[in-house]
Each structure stands twice: as structure tokens, then as C-alpha cells.
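See structure below.
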Amino acid sequence: MKKLLDEFLSYLSVERGLSKNTISSYKTDLIHFISHIEAKGIKDIERIQRDEITSYLLSLKDKGISSNSISRALVAIKMFYKFLVQEHLTKEDVAGVLESPRLVRSLPNVLGIAEVDRLIAAPDVRDWIGIRDKAAIELMYATGMRVSEMVELTIDGLNLDVGFIKCIGKGNKERIVPLGKNAKDAIMRYMERVRPRLLKDKQDAHLFLSRLGKKISRQSFWKMIKRNAKMARIKKEIAPHTLRHSFATHLLERGADLRVVQEMLGHADISTTQIYTHINKERLKSIHKQFHPRA
């Protein structure tokens, strides 16, 4: 079964063009599923029955795994079986008719505008690290880019004269997002004063570099965000998408069209973007409850 899994993962990469993060998620879910099945003494894919898959999903529920995670696991299993039938590697798609548990989508954490201002002001721009950090935070809030997109952004993806960036999102889809003046100024300052010193005599097209002159990692990027959030005395838990969530929420609060925000975020499905309209509704309810005399 592990050989079949390797073929499936290769198919996702080569033919479907999915991102490394997405493929890694499928791999993790399917390794857990295969391990569960093999622990029951089943070594042949043809011997797996629908009840075995249901039993596996119930075991995840018993372990306290969230319905979101169980749904993702089932999606991975369904895609795996669809591939196996398509490639004539198994006869029956035993996972096809199974239904996912209803997704319970929690509202993402969002910073207020004053908190974003404090976060952007936190880096000490008298130091090269501070200049780089400020440029990165300004850019992420200005564009709503994902962390993975930020670390992969290259010099060629910048057009500071016109004021936009070109980034490659999930599924290698390219999108254009405009820049504001503050982000543009912070990036220019970083590129003029800091990036050449980090690069020295090396060759690297990535915009954001580490002290070693190499592409900054996602882990380092988020340590940087957390460090500056602490300096800004932000009490909220900062998650990898916090600035992205804040970007979308603040745009919609000021009347931006949902379809335009969807395009800037690079969402394939507008239902993903609609979560931010729910944030606005919850915020309005909270304000009403707090300040209305008869709430």
C-alpha cells in the first residue's frame, strides 16, 4: 500500500500541480490511515471494505480529533481511491459514497487596526534586522500574502514603480496584488540599506534573506512575527495567517467588494473568502451587545 501511496503523491505533484504543503497534508493523513489498516492485519488494498474506513474515522473521533481534521482525512482517502480506480490499481471505489462530517469553521483571529499599527512600529529600524522585519510586516499586511508566498517572493516579483507584486500561490497560480505607499517605502529602504549587506557576494533572487544571505525560512518568519508582537504588547495569539486575516477583514469593513478580496487573497472558491463577512457580523453583534442600553 505504501508503494501505491508513493504513486498517488507523485500524481498530485506532477499531474495535479498541488503545492508541497497540500501534498504533505495528504501524505500525513494517508500514512495514518494505512498504518491503522495494517495494524488490523490488512496488507492488500483490495481487502479494505467501506466499514474499515468508517471504523478508522470513528477512531479519530474517539481520540478527540476535530471534525475539520476528520473531514480532511476523508477527502485524502477519497482522492486516493479515485486515483487508484482511475489508474486501474483497484477495482472498487469503496470510499466514494462516504459523507464527510459537517465542517465547523471557527472564525480566525484578527488584529484591530491599532494593533496592526503597533506591530508595524515594533521593529527597531536603527538595526538591519528591524528594517527587514518592518518591510516584511508592512508587505504582508498590505497584500494579504501567505507566509509560504512571502518567503518564496523574488526580486522579479516586485514592480515598485507601478506599485504591485506578483506572487505564486497554491497550485502555482499567479496573481497580482497592489502595494500601498507605506509598504513600498519600507521595501525600498530594506533593498537599499540591508539586502546588499546580507547578500554580500552571494547570488539569491529571494527578496527576504536571513543573516546568512539565504532565503528566510517560514519558521524564522513566524518567530519574527511573534517576537515583534510581544514587543508591541499584543495579547492575542498570533497565528500564521493573522496578518492575512486582518488584511481581508479590514478591506471588507471599509466596503471592498468580496470578489476583489477573493482575487487578492488567491482563493479558488469564494466561500473561503466569505468567512471574513462572518467576522464582521460577529464584531457588529459584539459592539451592539456592549454599547446598546437594551442589548
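Residues are named by chain letter and number: chains run A, B, ... in the order of the C-alpha cells, numbers start at 1 in each chain, and ligands are numbered from 1 in the order shown.
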Give me, as a Markdown table, each residue of stretch 102-161 of chain A that comes within 7 Å of stretch 242-265 of chain A, together with its shortest interatomic pair and the distance in Å at one decimal, counting only C-alpha atoms, with rows ordered by chain and rising residue number.
| residue | atom | partner | partner_atom | distance |
| --- | --- | --- | --- | --- |
| A:Pro108 | CA | A:His245 | CA | 6.8 |
| A:Asn109 | CA | A:Thr242 | CA | 6.1 |
| A:Val110 | CA | A:Ser246 | CA | 5.0 |
| A:Leu111 | CA | A:Ser246 | CA | 5.7 |
| A:Met140 | CA | A:Leu243 | CA | 6.6 |
| A:Tyr141 | CA | A:Leu243 | CA | 5.5 |
| A:Ala142 | CA | A:Phe247 | CA | 6.9 |
| A:Gly144 | CA | A:Arg244 | CA | 4.2 |
| A:Met145 | CA | A:Arg244 | CA | 6.3 |
| A:Arg146 | CA | A:Arg244 | CA | 6.8 |
Compile the contact shell of A:Tyr11 as a PyMOL selection string: residues with an atom at most 12 Å away, counting only C-alpha atoms, same-chain residues fewer than 2 positions apart removed. chain A and resi 4-9+13-18+23+79-80+82-84+86-87
Give the answer as one residue: which of A:Asn21, A:Thr143, A:Gln203, A:Thr272 has the shortest atom-to-atom distance to A:Gly180, using only C-alpha atoms?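 Of all the options, A:Thr143 lies closest to A:Gly180.
Here the question is which of A:Lys214, A:Leu89, A:Gln290, A:Lys61 gets nearest to A:Lys202 using only C-alpha atoms, and that residue is A:Lys214.
Note that atom CA of A:Leu12 and atom CA of A:Thr90 are 18.0 Å apart.
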Mind pulling up the distance from atom CA of A:Leu74 to atom CA of A:Ala39? 18.8 Å
Just the strand (DSSP E or B) stuff from stretch 104-266 of chain A, please, per backbone DSSP, written as a VMD selection string. chain A and resid 154 158 to 159 164 to 168 174 to 178 206 209 215
Identify which of the residues A:Tyr26, A:Phe33, A:Trp128, A:Phe208 lies closest to A:Tyr56, counting only C-alpha atoms when measuring atom-to-atom distances.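 The closest residue to A:Tyr56 is A:Phe33.
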For a test of reading the model, state the distance in Å between atom CA of A:Gly266 and atom CA of A:Arg118, rounded to one decimal.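 Separation of atom CA of A:Gly266 and atom CA of A:Arg118: 27.0 Å.
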Counting only C-alpha atoms, the residue of A:Leu98, A:Ile275, A:Ile37, A:Leu30 that sits nearest A:Thr54: A:Leu98
A:Asp62, A:Glu174, A:Asp185, A:Asp204 ranked by distance to A:Ala268, top pick (using only C-alpha atoms):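 The closest residue to A:Ala268 is A:Glu174.
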Of the listed residues A:Met150, A:Ala186, A:Tyr276, A:Leu199, that which approaches A:Ala121 most closely, counting only C-alpha atoms: A:Ala186
I'd like the contact shell of A:Leu207 - 9 Å cut-off, only C-alpha atoms, skipping same-chain residues fewer than 3 positions apart - returned as a count of residues only. 13
